[in-house]
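Visitor: File follows, work16.tsv with TSV, C-alpha atoms:
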```tsv
chain	number	residue	atom	x	y	z
A	1	MET	CA	-119.94	13.67	-144.53
A	2	THR	CA	-122.20	14.62	-147.40
A	3	SER	CA	-122.28	18.03	-149.00
A	4	ALA	CA	-124.81	20.46	-147.59
A	5	MET	CA	-126.07	21.05	-151.10
A	6	THR	CA	-127.49	17.52	-151.23
A	7	CYS	CA	-129.21	18.09	-147.89
A	8	PRO	CA	-128.70	14.61	-146.41
A	9	VAL	CA	-131.28	13.24	-144.02
A	10	ILE	CA	-131.02	10.34	-141.61
A	11	MET	CA	-134.38	9.00	-140.43
A	12	ASP	CA	-135.09	5.62	-138.87
A	13	ASP	CA	-131.61	4.54	-139.99
A	14	ALA	CA	-132.51	5.22	-143.63
A	15	TYR	CA	-130.54	7.72	-145.68
A	16	ILE	CA	-132.92	9.91	-147.72
A	17	PRO	CA	-131.40	12.60	-149.96
A	18	PHE	CA	-133.56	15.62	-150.63
A	19	SER	CA	-135.29	15.44	-154.00
A	20	GLU	CA	-138.67	16.13	-155.51
A	21	GLN	CA	-139.18	12.36	-155.90
A	22	ASN	CA	-138.80	11.83	-152.17
A	23	LEU	CA	-141.31	14.46	-151.09
A	24	SER	CA	-144.20	12.03	-151.36
A	25	ARG	CA	-142.38	9.53	-149.16
A	26	LEU	CA	-142.09	12.14	-146.44
A	27	SER	CA	-145.50	13.80	-146.72
A	28	HIS	CA	-146.64	12.26	-143.45
A	29	PHE	CA	-143.53	13.33	-141.56
A	30	HIS	CA	-144.34	16.60	-139.81
A	31	ASN	CA	-146.04	17.81	-143.00
A	32	LEU	CA	-142.55	18.42	-144.40
A	33	ARG	CA	-141.58	20.69	-141.50
A	34	PHE	CA	-138.53	18.44	-141.33
A	35	PHE	CA	-137.28	20.10	-144.51
A	36	ASP	CA	-137.75	23.72	-143.42
A	37	PHE	CA	-134.17	23.91	-142.16
A	38	CYS	CA	-132.94	22.00	-145.18
A	39	LEU	CA	-134.56	24.46	-147.57
A	40	LEU	CA	-133.21	27.43	-145.63
A	41	SER	CA	-129.68	26.03	-145.56
A	42	ARG	CA	-129.63	25.11	-149.25
A	43	LEU	CA	-130.77	28.52	-150.37
A	44	LEU	CA	-128.37	30.31	-148.02
A	45	ASP	CA	-125.57	28.21	-149.46
A	46	PHE	CA	-123.80	26.82	-146.39
A	47	VAL	CA	-120.16	25.99	-147.10
A	48	THR	CA	-119.66	23.47	-144.30
A	49	PRO	CA	-120.96	19.93	-144.95
A	50	TYR	CA	-123.53	18.71	-142.46
A	51	ILE	CA	-125.87	15.84	-141.65
A	52	GLN	CA	-129.43	16.23	-140.44
A	53	GLU	CA	-131.09	13.47	-138.46
A	54	GLN	CA	-134.05	12.65	-136.28
A	55	VAL	CA	-132.59	11.32	-133.02
A	56	ASN	CA	-134.83	8.81	-131.25
A	57	ILE	CA	-135.31	9.69	-127.57
A	58	GLY	CA	-137.83	6.96	-126.82
A	59	SER	CA	-141.32	7.44	-125.43
A	60	GLY	CA	-140.31	8.85	-122.06
A	61	PRO	CA	-137.56	9.09	-119.43
A	62	PRO	CA	-136.59	5.66	-118.04
A	63	GLY	CA	-138.42	4.96	-114.80
A	64	SER	CA	-140.76	7.88	-115.28
A	65	LYS	CA	-144.52	7.51	-115.10
A	66	ILE	CA	-144.75	10.45	-117.46
A	67	ARG	CA	-144.62	9.55	-121.14
A	68	TRP	CA	-143.82	12.78	-123.03
A	69	PHE	CA	-145.91	13.72	-121.00
A	70	ARG	CA	-149.10	11.75	-120.30
A	71	SER	CA	-149.49	11.38	-124.04
A	72	SER	CA	-151.98	8.69	-124.99
A	73	SER	CA	-149.40	7.39	-127.43
A	74	ASP	CA	-146.35	5.33	-126.52
A	75	GLU	CA	-144.67	6.07	-129.84
A	76	SER	CA	-141.04	7.10	-129.86
A	77	ARG	CA	-140.21	10.79	-130.03
A	78	TYR	CA	-137.45	12.46	-132.00
A	79	ILE	CA	-135.18	15.48	-131.68
A	80	ASN	CA	-134.36	17.19	-134.98
A	81	THR	CA	-130.58	17.51	-135.06
A	82	VAL	CA	-128.06	18.98	-137.47
A	83	THR	CA	-124.34	18.23	-137.11
A	84	PHE	CA	-121.68	20.14	-139.03
A	85	ASP	CA	-118.42	18.67	-140.18
A	86	ALA	CA	-115.36	19.64	-138.14
A	87	LYS	CA	-111.65	19.06	-137.90
A	88	GLU	CA	-110.68	16.04	-135.86
A	89	GLY	CA	-110.26	16.94	-132.21
A	90	SER	CA	-112.45	20.04	-132.36
A	91	PRO	CA	-114.48	20.67	-129.19
A	92	THR	CA	-118.20	19.95	-129.46
A	93	LEU	CA	-120.56	22.94	-129.28
A	94	VAL	CA	-124.25	22.12	-128.78
A	95	MET	CA	-126.59	25.02	-129.62
A	96	VAL	CA	-130.09	25.34	-128.13
A	97	HIS	CA	-132.59	27.86	-129.49
A	98	GLY	CA	-134.97	30.06	-127.53
A	99	TYR	CA	-138.75	30.35	-127.21
A	100	ALA	CA	-140.75	30.52	-130.46
A	101	ALA	CA	-137.56	29.73	-132.38
A	102	SER	CA	-135.69	26.73	-133.74
A	103	GLN	CA	-132.22	25.69	-134.88
A	104	GLY	CA	-132.43	27.64	-138.15
A	105	PHE	CA	-132.23	30.96	-136.25
A	106	PHE	CA	-128.47	30.32	-136.06
A	107	PHE	CA	-128.17	30.29	-139.87
A	108	ARG	CA	-125.68	33.18	-139.85
A	109	ASN	CA	-123.39	31.38	-137.42
A	110	PHE	CA	-122.96	27.76	-138.43
A	111	ASP	CA	-120.18	28.15	-140.99
A	112	ALA	CA	-118.03	30.45	-138.85
A	113	LEU	CA	-118.39	28.39	-135.67
A	114	ALA	CA	-117.84	25.12	-137.53
A	115	SER	CA	-114.33	26.35	-138.37
A	116	ARG	CA	-113.39	25.89	-134.69
A	117	PHE	CA	-116.03	23.55	-133.23
A	118	LYS	CA	-117.99	20.43	-134.01
A	119	VAL	CA	-121.31	22.28	-134.10
A	120	ILE	CA	-124.52	20.43	-133.24
A	121	ALA	CA	-127.83	22.33	-133.23
A	122	ILE	CA	-131.14	20.90	-132.09
A	123	ASP	CA	-134.81	21.72	-132.13
A	124	GLN	CA	-136.07	21.28	-128.58
A	125	LEU	CA	-138.86	18.75	-128.02
A	126	GLY	CA	-142.12	20.28	-129.20
A	127	TRP	CA	-140.54	22.85	-131.53
A	128	GLY	CA	-139.21	23.13	-135.05
A	129	GLY	CA	-138.85	19.80	-136.80
A	130	SER	CA	-138.75	17.74	-133.59
A	131	SER	CA	-141.68	15.63	-132.39
A	132	ARG	CA	-144.61	17.60	-131.05
A	133	PRO	CA	-146.29	15.50	-128.35
A	134	ASP	CA	-149.44	16.76	-126.66
A	135	PHE	CA	-148.27	19.12	-123.93
A	136	THR	CA	-149.96	18.06	-120.70
A	137	CYS	CA	-147.52	19.33	-118.06
A	138	LYS	CA	-149.31	20.82	-115.06
A	139	SER	CA	-146.51	22.45	-113.07
A	140	THR	CA	-143.19	24.25	-113.35
A	141	GLU	CA	-141.35	21.12	-112.20
A	142	GLU	CA	-142.96	18.92	-114.84
A	143	THR	CA	-142.36	21.51	-117.54
A	144	GLU	CA	-138.68	21.83	-116.70
A	145	ALA	CA	-138.42	18.04	-116.77
A	146	TRP	CA	-140.03	17.97	-120.24
A	147	PHE	CA	-137.06	19.89	-121.66
A	148	ILE	CA	-134.25	18.72	-119.38
A	149	ASP	CA	-135.07	15.01	-119.57
A	150	SER	CA	-135.72	15.02	-123.31
A	151	PHE	CA	-132.35	16.74	-123.82
A	152	GLU	CA	-130.66	14.13	-121.61
A	153	GLU	CA	-132.23	11.27	-123.59
A	154	TRP	CA	-130.99	12.99	-126.75
A	155	ARG	CA	-127.48	13.25	-125.25
A	156	LYS	CA	-127.51	9.54	-124.45
A	157	SER	CA	-128.64	8.65	-127.96
A	158	LYS	CA	-125.84	10.77	-129.42
A	159	ASN	CA	-123.33	9.38	-126.88
A	160	LEU	CA	-122.06	12.86	-126.05
A	161	SER	CA	-120.14	14.06	-123.05
A	162	ASN	CA	-117.74	16.83	-122.16
A	163	PHE	CA	-119.34	19.32	-124.55
A	164	ILE	CA	-119.82	23.08	-124.56
A	165	LEU	CA	-123.51	23.93	-124.16
A	166	LEU	CA	-124.82	27.18	-125.64
A	167	GLY	CA	-128.38	28.32	-125.07
A	168	HIS	CA	-130.20	31.46	-126.21
A	169	SER	CA	-132.94	33.17	-124.18
A	170	PHE	CA	-135.32	30.43	-122.99
A	171	GLY	CA	-132.80	27.95	-124.38
A	172	GLY	CA	-130.31	29.51	-121.96
A	173	TYR	CA	-132.70	28.80	-119.11
A	174	VAL	CA	-133.01	25.16	-120.22
A	175	ALA	CA	-129.24	24.83	-120.72
A	176	ALA	CA	-128.54	26.22	-117.25
A	177	LYS	CA	-131.13	23.95	-115.62
A	178	TYR	CA	-129.65	20.98	-117.49
A	179	ALA	CA	-126.12	21.87	-116.35
A	180	LEU	CA	-127.34	22.10	-112.77
A	181	LYS	CA	-128.78	18.58	-112.99
A	182	HIS	CA	-126.07	17.00	-115.18
A	183	PRO	CA	-122.87	19.02	-114.66
A	184	GLU	CA	-120.69	16.00	-115.39
A	185	HIS	CA	-121.47	16.23	-119.11
A	186	VAL	CA	-121.01	19.98	-119.64
A	187	GLN	CA	-117.52	21.35	-120.14
A	188	HIS	CA	-118.54	25.00	-120.38
A	189	LEU	CA	-121.84	26.88	-120.40
A	190	VAL	CA	-122.47	29.80	-122.77
A	191	LEU	CA	-125.70	31.66	-122.03
A	192	VAL	CA	-126.73	34.15	-124.72
A	193	GLY	CA	-129.29	36.73	-123.60
A	194	SER	CA	-130.48	34.14	-121.12
A	195	ALA	CA	-133.94	34.35	-119.64
A	196	GLY	CA	-134.85	33.22	-116.15
A	197	PHE	CA	-132.69	35.20	-113.76
A	198	SER	CA	-135.29	37.76	-112.64
A	199	ALA	CA	-138.22	37.00	-110.33
A	200	GLU	CA	-141.48	38.89	-110.07
A	201	SER	CA	-140.59	39.66	-106.46
A	202	ASP	CA	-137.67	41.79	-107.63
A	203	ALA	CA	-138.01	45.46	-106.77
A	204	LYS	CA	-137.80	46.38	-110.46
A	205	SER	CA	-141.13	44.63	-111.10
A	206	GLU	CA	-143.12	47.40	-109.40
A	207	TRP	CA	-144.08	48.74	-112.84
A	208	LEU	CA	-145.74	45.39	-113.54
A	209	THR	CA	-147.95	45.63	-110.48
A	210	LYS	CA	-149.11	49.06	-111.59
A	211	PHE	CA	-149.66	47.90	-115.16
A	212	ARG	CA	-151.71	44.91	-114.03
A	213	ALA	CA	-154.07	47.33	-112.30
A	214	THR	CA	-155.02	48.81	-115.69
A	215	TRP	CA	-157.61	47.15	-117.93
A	216	LYS	CA	-154.97	46.45	-120.56
A	217	GLY	CA	-152.69	44.87	-118.00
A	218	ALA	CA	-155.51	42.78	-116.55
A	219	LEU	CA	-156.46	41.54	-120.03
A	220	LEU	CA	-152.89	40.64	-120.99
A	221	ASN	CA	-152.29	38.92	-117.66
A	222	HIS	CA	-155.48	36.87	-118.18
A	223	LEU	CA	-154.35	35.84	-121.65
A	224	TRP	CA	-150.95	34.85	-120.26
A	225	GLU	CA	-152.41	32.73	-117.47
A	226	SER	CA	-154.78	31.18	-120.03
A	227	ASN	CA	-151.66	30.13	-121.98
A	228	PHE	CA	-152.56	32.20	-125.01
A	229	THR	CA	-149.32	32.11	-127.00
A	230	PRO	CA	-148.13	34.20	-129.97
A	231	GLN	CA	-148.31	31.02	-132.05
A	232	LYS	CA	-152.04	30.72	-131.39
A	233	LEU	CA	-152.49	34.17	-132.88
A	234	ILE	CA	-150.52	33.18	-135.99
A	235	ARG	CA	-152.66	30.07	-136.45
A	236	GLY	CA	-155.86	31.97	-135.81
A	237	LEU	CA	-155.08	34.48	-138.54
A	238	GLY	CA	-155.11	31.74	-141.17
A	239	PRO	CA	-154.00	33.12	-144.55
A	240	TRP	CA	-153.04	36.45	-142.93
A	241	GLY	CA	-150.54	34.73	-140.61
A	242	PRO	CA	-147.57	34.83	-143.03
A	243	GLY	CA	-148.09	38.56	-143.54
A	244	LEU	CA	-147.88	39.23	-139.81
A	245	VAL	CA	-144.70	37.15	-139.51
A	246	ASN	CA	-143.24	39.01	-142.49
A	247	ARG	CA	-143.94	42.36	-140.86
A	248	TYR	CA	-142.22	41.18	-137.69
A	249	THR	CA	-139.09	39.77	-139.35
A	250	SER	CA	-138.81	42.75	-141.74
A	251	ALA	CA	-139.02	45.19	-138.83
A	252	ARG	CA	-136.97	43.32	-136.21
A	253	PHE	CA	-134.15	42.27	-138.52
A	254	GLY	CA	-134.51	45.12	-141.01
A	255	ALA	CA	-135.83	48.59	-140.25
A	256	HIS	CA	-135.35	48.28	-136.48
A	257	SER	CA	-132.19	46.18	-136.48
A	258	VAL	CA	-129.35	47.51	-134.34
A	259	GLY	CA	-126.79	45.63	-136.42
A	260	THR	CA	-126.40	44.09	-139.87
A	261	VAL	CA	-129.80	43.94	-141.57
A	262	LEU	CA	-130.95	40.84	-143.42
A	263	THR	CA	-130.74	40.79	-147.17
A	264	ASP	CA	-134.04	40.55	-149.04
A	265	GLU	CA	-133.39	36.86	-149.69
A	266	GLU	CA	-132.50	36.17	-146.06
A	267	SER	CA	-135.60	38.02	-144.91
A	268	ARG	CA	-137.86	36.05	-147.24
A	269	LEU	CA	-136.39	32.70	-146.26
A	270	LEU	CA	-136.42	33.47	-142.55
A	271	THR	CA	-140.03	34.62	-142.76
A	272	ASP	CA	-141.10	31.38	-144.45
A	273	TYR	CA	-139.08	29.32	-141.98
A	274	VAL	CA	-140.45	31.13	-138.92
A	275	TYR	CA	-144.04	30.98	-140.13
A	276	HIS	CA	-143.98	27.23	-140.73
A	277	THR	CA	-142.41	26.48	-137.34
A	278	LEU	CA	-144.86	28.78	-135.52
A	279	ALA	CA	-147.99	27.58	-137.33
A	280	ALA	CA	-147.34	23.88	-136.70
A	281	LYS	CA	-149.05	21.90	-133.93
A	282	ALA	CA	-148.91	23.51	-130.48
A	283	SER	CA	-146.60	21.59	-128.16
A	284	GLY	CA	-143.47	22.98	-126.47
A	285	GLU	CA	-144.77	26.54	-126.76
A	286	LEU	CA	-147.33	25.77	-124.03
A	287	CYS	CA	-144.53	25.81	-121.45
A	288	LEU	CA	-144.79	29.59	-121.26
A	289	LYS	CA	-147.07	30.14	-118.28
A	290	TYR	CA	-145.44	27.39	-116.23
A	291	ILE	CA	-141.88	28.69	-116.63
A	292	PHE	CA	-142.59	32.43	-116.53
A	293	SER	CA	-145.19	34.67	-114.97
A	294	PHE	CA	-146.55	37.62	-116.93
A	295	GLY	CA	-143.67	39.95	-117.77
A	296	ALA	CA	-141.25	37.06	-118.43
A	297	PHE	CA	-140.31	36.71	-114.75
A	298	ALA	CA	-139.13	33.19	-113.91
A	299	ARG	CA	-141.25	31.21	-111.49
A	300	LYS	CA	-138.09	29.37	-110.38
A	301	PRO	CA	-135.34	31.94	-111.02
A	302	LEU	CA	-131.84	30.75	-111.85
A	303	LEU	CA	-130.54	33.30	-109.38
A	304	GLN	CA	-131.78	31.07	-106.57
A	305	SER	CA	-129.49	28.26	-107.79
A	306	ALA	CA	-126.39	30.36	-108.50
A	307	SER	CA	-124.53	29.05	-105.47
A	308	GLU	CA	-125.05	25.48	-106.76
A	309	TRP	CA	-123.43	26.19	-110.16
A	310	LYS	CA	-120.74	23.61	-111.00
A	311	VAL	CA	-119.91	24.51	-114.62
A	312	PRO	CA	-117.74	27.46	-115.76
A	313	THR	CA	-120.03	29.95	-117.46
A	314	THR	CA	-119.90	32.81	-119.94
A	315	PHE	CA	-122.83	35.17	-120.41
A	316	ILE	CA	-123.13	36.96	-123.75
A	317	TYR	CA	-125.50	39.91	-124.24
A	318	GLY	CA	-126.03	42.34	-127.07
A	319	MET	CA	-125.54	45.92	-125.92
A	320	ASN	CA	-129.17	46.58	-126.83
A	321	ASP	CA	-130.60	43.36	-125.43
A	322	TRP	CA	-133.88	43.91	-123.60
A	323	MET	CA	-132.89	41.00	-121.36
A	324	ASN	CA	-131.09	42.70	-118.51
A	325	TYR	CA	-127.50	41.57	-117.90
A	326	GLN	CA	-127.76	42.80	-114.31
A	327	GLY	CA	-129.30	39.43	-113.40
A	328	ALA	CA	-126.14	37.69	-114.57
A	329	MET	CA	-124.01	40.10	-112.55
A	330	GLU	CA	-126.04	39.35	-109.45
A	331	ALA	CA	-125.79	35.60	-110.05
A	332	ARG	CA	-122.01	35.82	-110.46
A	333	LYS	CA	-121.71	37.12	-106.89
A	334	HIS	CA	-122.99	33.76	-105.64
A	335	MET	CA	-121.22	31.45	-108.10
A	336	LYS	CA	-118.25	29.36	-107.02
A	337	VAL	CA	-117.06	28.69	-110.58
A	338	PRO	CA	-115.34	30.95	-113.17
A	339	CYS	CA	-117.84	33.32	-114.74
A	340	GLU	CA	-117.49	36.02	-117.43
A	341	ILE	CA	-120.01	38.47	-118.82
A	342	ILE	CA	-119.48	39.82	-122.35
A	343	ARG	CA	-121.50	42.60	-123.96
A	344	VAL	CA	-121.38	42.74	-127.76
A	345	PRO	CA	-121.90	46.04	-129.62
A	346	GLN	CA	-124.47	46.44	-132.40
A	347	GLY	CA	-126.54	43.61	-131.05
A	348	GLY	CA	-129.93	43.16	-129.47
A	349	HIS	CA	-131.61	40.06	-128.06
A	350	PHE	CA	-130.77	38.17	-131.28
A	351	VAL	CA	-127.14	39.26	-131.18
A	352	PHE	CA	-126.12	36.26	-133.31
A	353	ILE	CA	-128.27	37.62	-136.16
A	354	ASP	CA	-127.68	41.34	-135.53
A	355	ASN	CA	-123.90	41.13	-135.30
A	356	PRO	CA	-122.78	37.62	-136.31
A	357	ALA	CA	-119.08	38.49	-136.51
A	358	GLY	CA	-119.18	40.04	-133.05
A	359	PHE	CA	-121.09	37.06	-131.69
A	360	HIS	CA	-118.55	34.63	-133.14
A	361	SER	CA	-115.72	36.60	-131.55
A	362	ALA	CA	-117.49	36.48	-128.19
A	363	VAL	CA	-118.00	32.71	-128.41
A	364	MET	CA	-114.37	32.17	-129.46
A	365	TYR	CA	-113.22	34.28	-126.54
A	366	ALA	CA	-115.50	32.42	-124.11
A	367	CYS	CA	-114.13	29.07	-125.30
A	368	ARG	CA	-110.53	30.14	-125.87
A	369	LYS	CA	-109.05	27.51	-123.57
A	370	TYR	CA	-110.75	24.71	-125.52
A	371	ILE	CA	-110.06	25.81	-129.11
A	372	SER	CA	-106.52	27.15	-128.99
A	373	GLN	CA	-104.13	24.62	-130.52
A	374	ASP	CA	-101.15	26.81	-129.76
A	375	SER	CA	-100.64	27.74	-126.13
A	376	SER	CA	-98.93	30.93	-127.29
A	377	HIS	CA	-102.09	31.97	-129.18
A	378	GLN	CA	-104.73	33.76	-127.15
A	379	GLU	CA	-108.16	34.91	-128.30
A	380	LEU	CA	-108.47	38.60	-127.52
A	381	ILE	CA	-111.66	40.46	-126.73
A	382	PRO	CA	-112.29	42.82	-129.69
A	383	ASP	CA	-112.41	46.59	-129.37
A	384	GLY	CA	-115.85	47.88	-128.46
A	385	PHE	CA	-116.78	44.81	-126.45
A	386	GLN	CA	-117.36	45.08	-122.71
A	387	LEU	CA	-116.20	42.59	-120.11
A	388	VAL	CA	-118.34	43.42	-117.09
```
Rewrite the coordinates I just gave you, this time as structure tokens.

Guide:
Amino acid sequence: MTSAMTCPVIMDDAYIPFSEQNLSRLSHFHNLRFFDFCLLSRLLDFVTPYIQEQVNIGSGPPGSKIRWFRSSSDESRYINTVTFDAKEGSPTLVMVHGYAASQGFFFRNFDALASRFKVIAIDQLGWGGSSRPDFTCKSTEETEAWFIDSFEEWRKSKNLSNFILLGHSFGGYVAAKYALKHPEHVQHLVLVGSAGFSAESDAKSEWLTKFRATWKGALLNHLWESNFTPQKLIRGLGPWGPGLVNRYTSARFGAHSVGTVLTDEESRLLTDYVYHTLAAKASGELCLKYIFSFGAFARKPLLQSASEWKVPTTFIYGMNDWMNYQGAMEARKHMKVPCEIIRVPQGGHFVFIDNPAGFHSAVMYACRKYISQDSSHQELIPDGFQLV
């Protein structure tokens, strides 16, 4: 393992250390988006050594007529991956980001989790520093396959099995769908503020019907069905885009944070990181209207598949998460596998940023049977947490 401070890169089997001299060699590779995470990690001074690589997932799923997906190019695609050093025998924890995010959103968590796990974080296909094929999916089924199958090809390339899979928000939806299709590879599922459990037909969506009847609701619904994404707005604003992102990150993780606010340096770095990942070529973001209807209601809710769950699962929610944990409680009634629901204080939808220490405790508790080296040692749920 190479020190994080040298920011090692593996690409096409060539080791390329980060340096000013190498920037020109990489100028055609995602317009240097590949180094966004590297820059963030160097400046935030990670302690744990890590390796970053572009994992080749081929041009499409074997036997599929869809080539990521109907792209005119048969070039290979890559999943941006960072792997942190770990003690021998540590369980593997794979972390999957949510919508309009990327692996760097877990920057406050890598060092702490790497003390107990072999942590691997990815950028999903079409986001962050991963390949961004033209998004030509035309249905919910195709869109789910885009993410599930690309993740499975990544797993094969990394030769992984029997790992703990953690997904946040939309990443939780993808992780759950993957575990439903490939349960043999997933040891435990950790869903953090997971999206996708509520359907528009739920009684609680009555407010949405009323809102749609207003001109504002009709306009927003039209934009949603037209696949107008937040990223399109950022791109459309041109030089004013970074300012808008800065206002969002400063408010969400600063003035309006329910937990530990970002430092000025963290805020600046996160703003730059978020802007560059949002402003890049549209790809995975265009999944939005196929996975969710207006109001973030799943078109194929996970609740409908709860009885088919084969992997033990832990749900983690911030106490102030706008994503309702009631959906997880309803799903648990139909599950035939062990299931826990943990609510973490001083945390919102990004509980791992708002309250990193609390989030780490929740993950350790969820995975206590895999990380305890001493059978007499038991991870305890901290005071203030809720097991529901």

Visitor: Need to verify the contact set: Trp154 in chain A, 8 Å, all atoms listed in the file, exclusion of same-chain residues closer than 5 positions in sequence. Can you return it as a compact mmCIF listing (two decimals) with C-alpha atoms, keeping the file's coordinate frame?

Guide:
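The resulting file, selection10.txt, is reproduced below:
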```txt
# COMPACT_ATOMS: atom_id res chain seq x y z
CA VAL A 55 -132.59 11.32 -133.02
CA ASN A 56 -134.83 8.81 -131.25
CA ILE A 57 -135.31 9.69 -127.57
CA ILE A 79 -135.18 15.48 -131.68
```

Visitor: Please list as a PyMOL selection string every residue within 9 Å of Leu286 in chain A, counting only C-alpha atoms and excluding residues in the same chain fewer than 2 positions away.

Guide: chain A and resi 135-137+227-229+282-284+288-290

Visitor: Which residue out of A:Thr48, A:Ser150, A:Thr271, A:Asn246 has the minimum interatomic distance to Asn80 in chain A when all atoms listed in the file are used?

Guide: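 Looking at the shortest contact to Asn80 in chain A, the residue is A:Ser150.
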
Visitor: Restricting the calculation to only C-alpha atoms: of A:Gln187, A:Asn320, A:Ser130, A:Thr83, which residue gets closest to Asp111 in chain A?

Guide: A:Thr83

Visitor: If you count only C-alpha atoms, which residues fall within 10 Å of Ser102 in chain A, apart from same-chain ones fewer than 5 positions away, as a ChimeraX atom specification?

Guide: /A:37,80,96-97,121-124,127-130,171,273-274,277-278

Visitor: Work out how far CA of Trp322 in chain A is from CA of Ala218 in chain A, in Å to one decimal.

Guide: 22.8 Å

Visitor: Take the point (-136.5, 32.9, -113.1) in the file's coordinates, draw a sphere of radius 8 Å around it, and report as an MDAnalysis selection string every protein, DNA or RNA residue with an atom inside or on it, counting all atoms listed in the file.

Guide: chainID A and resid 195:199 291:292 297:303

Visitor: At a cut-off of 12 Å around the point (-118.9, 27.8, -142.3) (file coordinates), what residues fall inside when counting all atoms listed in the file? I'd like the answer as number ranges by chain.

Guide: A: 4, 41, 44-50, 84-86, 106-119, 360

Visitor: Write out as a PyMOL selection string each polymer residue whose atoms come within 9 Å of Cys367 in chain A, counting all atoms listed in the file; drop sequence neighbours fewer than 2 positions from it.

Guide: chain A and resi 164+188+190+314+362-365+369-372+379

Visitor: I need the chosen residues saved as a PDB file, keeping the file's coordinate frame, with C-alpha atoms.

Guide:
```
ATOM      1  CA  ILE A 164    -119.820  23.080-124.560  1.00  0.00           C
ATOM      2  CA  HIS A 188    -118.540  25.000-120.380  1.00  0.00           C
ATOM      3  CA  VAL A 190    -122.470  29.800-122.770  1.00  0.00           C
ATOM      4  CA  THR A 314    -119.900  32.810-119.940  1.00  0.00           C
ATOM      5  CA  ALA A 362    -117.490  36.480-128.190  1.00  0.00           C
ATOM      6  CA  VAL A 363    -118.000  32.710-128.410  1.00  0.00           C
ATOM      7  CA  MET A 364    -114.370  32.170-129.460  1.00  0.00           C
ATOM      8  CA  TYR A 365    -113.220  34.280-126.540  1.00  0.00           C
ATOM      9  CA  LYS A 369    -109.050  27.510-123.570  1.00  0.00           C
ATOM     10  CA  TYR A 370    -110.750  24.710-125.520  1.00  0.00           C
ATOM     11  CA  ILE A 371    -110.060  25.810-129.110  1.00  0.00           C
ATOM     12  CA  SER A 372    -106.520  27.150-128.990  1.00  0.00           C
ATOM     13  CA  GLU A 379    -108.160  34.910-128.300  1.00  0.00           C
TER      14      GLU A 379
END
```

Visitor: Can you work out which one of A:Leu270, A:Ala357, A:Leu125, A:Ala145 has the shortest atom-to-atom distance to Arg77 in chain A, counting all atoms listed in the file?

Guide: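 Ranking A:Leu270, A:Ala357, A:Leu125, A:Ala145 by distance to Arg77 in chain A, first place goes to A:Leu125.
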
Visitor: Would you mind putting back N, CA and C atoms on range 104-116 of chain A, then writing it out as a compact mmCIF listing (two decimals), in the frame of the given file?

Guide:
```
# COMPACT_ATOMS: atom_id res chain seq x y z
N GLY A 104 -132.74 26.83 -136.98
CA GLY A 104 -132.43 27.64 -138.15
C GLY A 104 -132.16 29.10 -137.84
N PHE A 105 -132.51 29.57 -136.63
CA PHE A 105 -132.23 30.96 -136.25
C PHE A 105 -130.72 31.22 -136.19
N PHE A 106 -129.92 30.15 -136.10
CA PHE A 106 -128.47 30.32 -136.06
C PHE A 106 -127.85 30.25 -137.46
N PHE A 107 -128.66 30.49 -138.50
CA PHE A 107 -128.17 30.29 -139.87
C PHE A 107 -126.97 31.16 -140.21
N ARG A 108 -126.82 32.30 -139.55
CA ARG A 108 -125.68 33.18 -139.85
C ARG A 108 -124.41 32.77 -139.10
N ASN A 109 -124.49 31.72 -138.33
CA ASN A 109 -123.39 31.38 -137.42
C ASN A 109 -122.73 30.04 -137.68
N PHE A 110 -123.45 29.13 -138.32
CA PHE A 110 -122.96 27.76 -138.43
C PHE A 110 -121.59 27.65 -139.11
N ASP A 111 -121.44 28.29 -140.26
CA ASP A 111 -120.18 28.15 -140.99
C ASP A 111 -118.99 28.67 -140.19
N ALA A 112 -119.14 29.85 -139.60
CA ALA A 112 -118.03 30.45 -138.85
C ALA A 112 -117.67 29.62 -137.63
N LEU A 113 -118.67 29.17 -136.89
CA LEU A 113 -118.39 28.39 -135.67
C LEU A 113 -117.86 27.00 -136.01
N ALA A 114 -118.31 26.45 -137.14
CA ALA A 114 -117.84 25.12 -137.53
C ALA A 114 -116.36 25.11 -137.91
N SER A 115 -115.77 26.30 -138.09
CA SER A 115 -114.33 26.35 -138.37
C SER A 115 -113.51 26.05 -137.12
N ARG A 116 -114.13 26.12 -135.95
CA ARG A 116 -113.39 25.89 -134.69
C ARG A 116 -114.04 24.84 -133.80
```
